[in-house]
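Single-structure report; data block below.
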Amino acid sequence: MSADYAIETRAICKSFAGVQALRGVDLKVRRGDIHALLGQNGAGKSTLVKIMNGVYRAGAYEGKILLSGKPSAFRSPDDARGAGIGYVPQEIEVLDQLTVAENVFAGHMGVGGIGVNRPLVLEKTREIFSEMGIAINPRAIVASLTGAQRHLVMIARTISANPDVLMLDEPTSSLSGQEVTALFAVLRRLKAQGKTIIYITHRLPEVLDLCDHATVLRDGRVGDEFDRAEFDQDKFIFAMSGRRLQQLFPERTDEPTEHKMLEVEGLNVPGHTGAIYGARDVSFHVAAGEIVGLAGLLGSGRSEILHGIYGRVPATGTIKVDGTPVRIASPRDARAAGIALLTEDRKHDGLLFNLPVGMNITIGNLSAVSSNFFVDGDREMAEIERAMRELSVKAPSATSSVAQLSGGNQQKLLFARVLMRTPRILLLDEPSKGVDAATRAEIYRLIVELAGKGVALLIVSSELEELIGLCDRCLTVADGEIVGEFRRGEGDEERVMREVAEAQARNLAMAMEA
């Protein structure tokens, strides 16, 4: 019976500029289930969810939406919210200059009566964060938070509206293990309360752990459906891609050299508000051809270390490139020294959505395609086509809108831009965030190839499995300090969590003594 389903779609079709994104999709989500929506980048997952959420209004697509068996048509996300649908998009959408609490209750600040009851808003925000198991100051300005913390604020904002159907698009893409565990506990609590959850993800282990049912989209169609008893990672991958992914992490055929390409001594980066640690007296090195990972929890200071090295935030200490001390006061200084950074948040501070695909590759690199201070159009186009070909960027053309690309292809654009300068040192902040398994494998192969060419790579990732599978060495970061180190094959999540817990206990004891 249709009434058994909290939400359904029937024969949904949607196209963009002649490209068919959805081709007659039927989706049925049982009431009280956590339902996974899977598929490679470009399969149509986000498009389908945006239709169910009113981002794409009724009339802009073909087909029907049913809520509890009744036809529904949403003209806007406000209509969907009014019908009990909550949506957390993959891309970060927050109000940077407002506080965390104001962001959480944006759109319904009248909680507790007529007018804005700010003490109650702060109290309710603290309650939501406590249930989610996260520590963010509700009074902090959102602009001071990391990308991962902004994403948690978005999740809290949606939960605060108490939706009947909650749709989450890649909710754990930048969260570490502890934050993922806390979020899963919240989602299971919501399920026990009778809420229905649609969970869009590329992380198959999360589906195996959390979900009751799974629908796989492929090329805009329903490729397969699985009940819990049928869950199998290999079956998911085959349904998504039509082929089996034999090995996610490529084998290293080259060993890193002994030559220190990047040396960091006594790096200090001031902390921000919102329970973020900066870097405190951090020292380490990365050799030419070596892949080094920074492991730790959200807010540990991992990203701040990268930003301090790259000159995005004020920092003190000594940085040496190829044995020579360099002064880095800005990203321009870092680029001149042969350092490149791939940012964590491709929408907020990565891609330029007002520029087409090709210009997103060459922007910041125009000197390489210019003569006598003028851009050589033929050289620029040749460079763009080469980069798109080498990184397998799938786009209608170099003049296409970046917004039309899947998350995986947007990520490849960022790689194309930073690699155009042929850096000697590459800093990667969540390099596989929000991409499917096949694209992730492509990114991993690219990283290993760069190491084979002698590039020194420093990686921040919230997925410890990724660091263990890719890196020659991992450094554990806690409270802005490096508290442990292990080589390939020596570490696991238990070791990292133990080192973090021991460091936090030491710091707490020192603070109490002071």
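Ordered as shown in the structure tokens, chains take letters A, B, and onward, while each chain numbers its residues from 1 and ligands are numbered from 1 in the order shown.
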
**OP:** Write out as a PyMOL selection string which residues come within 9 Å of Leu48 of chain A when counting only C-alpha atoms, dropping same-chain ones fewer than 6 positions away.
**Re:** chain A and resi 9+12+14+21-22+25

Identify all residues of segment 122-312 of chain A in strand (DSSP E or B) (DSSP on the backbone) and supply them as a CSV table (one decimal) with C-alpha atoms, in the first residue's frame.
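Generated output (selection-v9.csv):
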```
chain,number,residue,atom,x,y,z
A,141,ILE,CA,30.4,33.4,14.4
A,165,VAL,CA,11.4,12.9,6.4
A,166,LEU,CA,15.1,13.9,6.7
A,167,MET,CA,17.2,13.8,3.6
A,168,LEU,CA,21.0,13.9,4.0
A,169,ASP,CA,23.4,14.4,1.1
A,196,THR,CA,12.1,8.5,7.9
A,197,ILE,CA,15.7,9.2,6.6
A,198,ILE,CA,17.0,9.2,3.1
A,199,TYR,CA,20.8,8.9,3.3
A,200,ILE,CA,22.8,9.8,0.1
A,213,HIS,CA,17.2,-0.5,2.4
A,214,ALA,CA,19.2,0.8,-0.6
A,215,THR,CA,18.4,2.0,-4.0
A,216,VAL,CA,21.1,2.4,-6.6
A,217,LEU,CA,20.9,4.9,-9.4
A,218,ARG,CA,22.9,4.5,-12.6
A,221,ARG,CA,17.7,5.2,-13.8
A,222,VAL,CA,17.1,2.8,-10.9
A,223,GLY,CA,19.9,0.3,-11.4
A,224,ASP,CA,19.0,-2.0,-8.5
A,225,GLU,CA,17.4,-2.2,-5.1
A,226,PHE,CA,18.5,-4.1,-2.0
A,227,ASP,CA,16.9,-5.1,1.3
A,260,LYS,CA,63.5,16.5,2.8
A,261,MET,CA,61.4,18.6,0.5
A,262,LEU,CA,59.3,20.2,3.2
A,263,GLU,CA,60.5,20.9,6.7
A,264,VAL,CA,58.3,22.6,9.4
A,265,GLU,CA,59.9,23.7,12.7
A,266,GLY,CA,58.0,25.2,15.6
A,267,LEU,CA,54.9,26.1,13.6
A,268,ASN,CA,52.3,28.0,15.6
A,269,VAL,CA,48.9,29.0,14.3
A,272,HIS,CA,39.7,30.4,16.3
A,276,ILE,CA,39.0,24.9,17.0
A,279,ALA,CA,48.8,24.5,15.7
A,280,ARG,CA,51.2,24.6,18.7
A,281,ASP,CA,54.9,24.1,18.2
A,282,VAL,CA,54.4,21.7,15.3
A,283,SER,CA,57.6,20.2,13.7
A,284,PHE,CA,57.8,17.5,11.0
A,285,HIS,CA,59.1,16.9,7.5
A,286,VAL,CA,57.9,15.4,4.2
A,287,ALA,CA,60.5,13.9,1.8
A,291,ILE,CA,52.9,10.8,1.2
A,292,VAL,CA,52.4,11.9,4.8
A,293,GLY,CA,48.9,12.0,6.5
A,294,LEU,CA,47.6,14.1,9.4
A,295,ALA,CA,45.2,12.0,11.4
A,296,GLY,CA,42.9,13.2,14.2
```

Subject >> Top pick for closest residue to Glu499 of chain A, considering A:Ile447, A:Ile425, A:Ala106, A:Leu297 and counting only C-alpha atoms >> reply: A:Leu297

Subject >> Nearest to Ala395 of chain A by atom-to-atom distance, counting only C-alpha atoms, from A:Asp436, A:Leu122, A:Val357, A:Arg424 >> reply: A:Val357

Original post:
Looking only at the backbone, which of the residues in segment 211-304 of chain A does DSSP tag as helix (DSSP H, G or I), as a list in words?
Top reply: Arg228, Ala229, Glu230, Gln233, Asp234, Lys235, Phe236, Ile237, Phe238, Ala239, Met240, Ser241, Arg302, Ser303 and Glu304 of chain A

Residues from the last selection, N, CA, C and O atoms, saved as a tab-separated table (two decimals), in the first residue's frame:
```
chain	number	residue	atom	x	y	z
A	228	ARG	N	17.95	-5.07	3.47
A	228	ARG	CA	19.06	-5.20	4.41
A	228	ARG	C	19.74	-6.58	4.29
A	228	ARG	O	20.98	-6.67	4.31
A	229	ALA	N	18.96	-7.62	4.18
A	229	ALA	CA	19.52	-8.99	4.14
A	229	ALA	C	20.36	-9.22	2.89
A	229	ALA	O	21.18	-10.15	2.86
A	230	GLU	N	20.20	-8.38	1.86
A	230	GLU	CA	20.93	-8.55	0.61
A	230	GLU	C	22.16	-7.65	0.51
A	230	GLU	O	22.87	-7.69	-0.49
A	233	GLN	N	28.91	-5.18	-0.24
A	233	GLN	CA	29.66	-4.07	-0.82
A	233	GLN	C	29.97	-4.31	-2.29
A	233	GLN	O	29.84	-3.39	-3.11
A	234	ASP	N	30.38	-5.52	-2.66
A	234	ASP	CA	30.71	-5.81	-4.05
A	234	ASP	C	29.47	-5.67	-4.95
A	234	ASP	O	29.56	-5.20	-6.09
A	235	LYS	N	28.31	-6.09	-4.43
A	235	LYS	CA	27.08	-5.95	-5.21
A	235	LYS	C	26.74	-4.48	-5.43
A	235	LYS	O	26.29	-4.09	-6.51
A	236	PHE	N	26.94	-3.66	-4.40
A	236	PHE	CA	26.69	-2.23	-4.53
A	236	PHE	C	27.57	-1.63	-5.64
A	236	PHE	O	27.10	-0.89	-6.49
A	237	ILE	N	28.85	-1.95	-5.58
A	237	ILE	CA	29.81	-1.38	-6.55
A	237	ILE	C	29.46	-1.82	-7.96
A	237	ILE	O	29.46	-1.01	-8.90
A	238	PHE	N	29.10	-3.08	-8.12
A	238	PHE	CA	28.75	-3.59	-9.43
A	238	PHE	C	27.47	-2.92	-9.95
A	238	PHE	O	27.37	-2.57	-11.13
A	239	ALA	N	26.49	-2.72	-9.05
A	239	ALA	CA	25.24	-2.07	-9.46
A	239	ALA	C	25.47	-0.61	-9.85
A	239	ALA	O	24.81	-0.09	-10.76
A	240	MET	N	26.42	0.05	-9.20
A	240	MET	CA	26.69	1.45	-9.50
A	240	MET	C	27.49	1.64	-10.78
A	240	MET	O	27.27	2.58	-11.54
A	241	SER	N	28.46	0.75	-11.01
A	241	SER	CA	29.41	0.99	-12.10
A	241	SER	C	29.34	-0.03	-13.23
A	241	SER	O	29.89	0.21	-14.31
A	302	ARG	N	44.28	19.92	12.35
A	302	ARG	CA	44.88	19.37	11.13
A	302	ARG	C	44.86	20.37	9.98
A	302	ARG	O	45.89	20.65	9.36
A	303	SER	N	43.68	20.92	9.69
A	303	SER	CA	43.57	21.86	8.58
A	303	SER	C	44.33	23.15	8.86
A	303	SER	O	44.89	23.77	7.94
A	304	GLU	N	44.37	23.55	10.14
A	304	GLU	CA	45.10	24.78	10.48
A	304	GLU	C	46.59	24.64	10.18
A	304	GLU	O	47.25	25.62	9.81
```

Original post:
What separation in Å, quoted to one decimal, exists between atom CA of Thr439 of chain A and atom CA of Glu465 of chain A?
Top reply: 16.4 Å

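Each of A:Ser461, A:Gln410, A:Arg417, A:Leu366 was compared to Ala387 of chain A using only C-alpha atoms, and A:Arg417 turns out to be the nearest.
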
**OP:** Go through A:Val313, A:Ala403, A:Val326, A:Val455 one by one, measure the shortest atom-to-atom distance of each to Ala340 of chain A using only C-alpha atoms, and give the residue with the smallest value.
**Re:**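 For Ala340 of chain A, the nearest of the candidates is A:Val455.
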
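Excluding Ala398 of chain A itself and same-chain residues fewer than 5 positions from it, the residues having an atom within 8 Å of it are Pro356, Val357, Gly358, Met359, Ile384 and Glu385 of chain A, counting only C-alpha atoms.
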
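Note that atom CA of Arg488 of chain A and atom CA of Glu255 of chain A are 11.9 Å apart.
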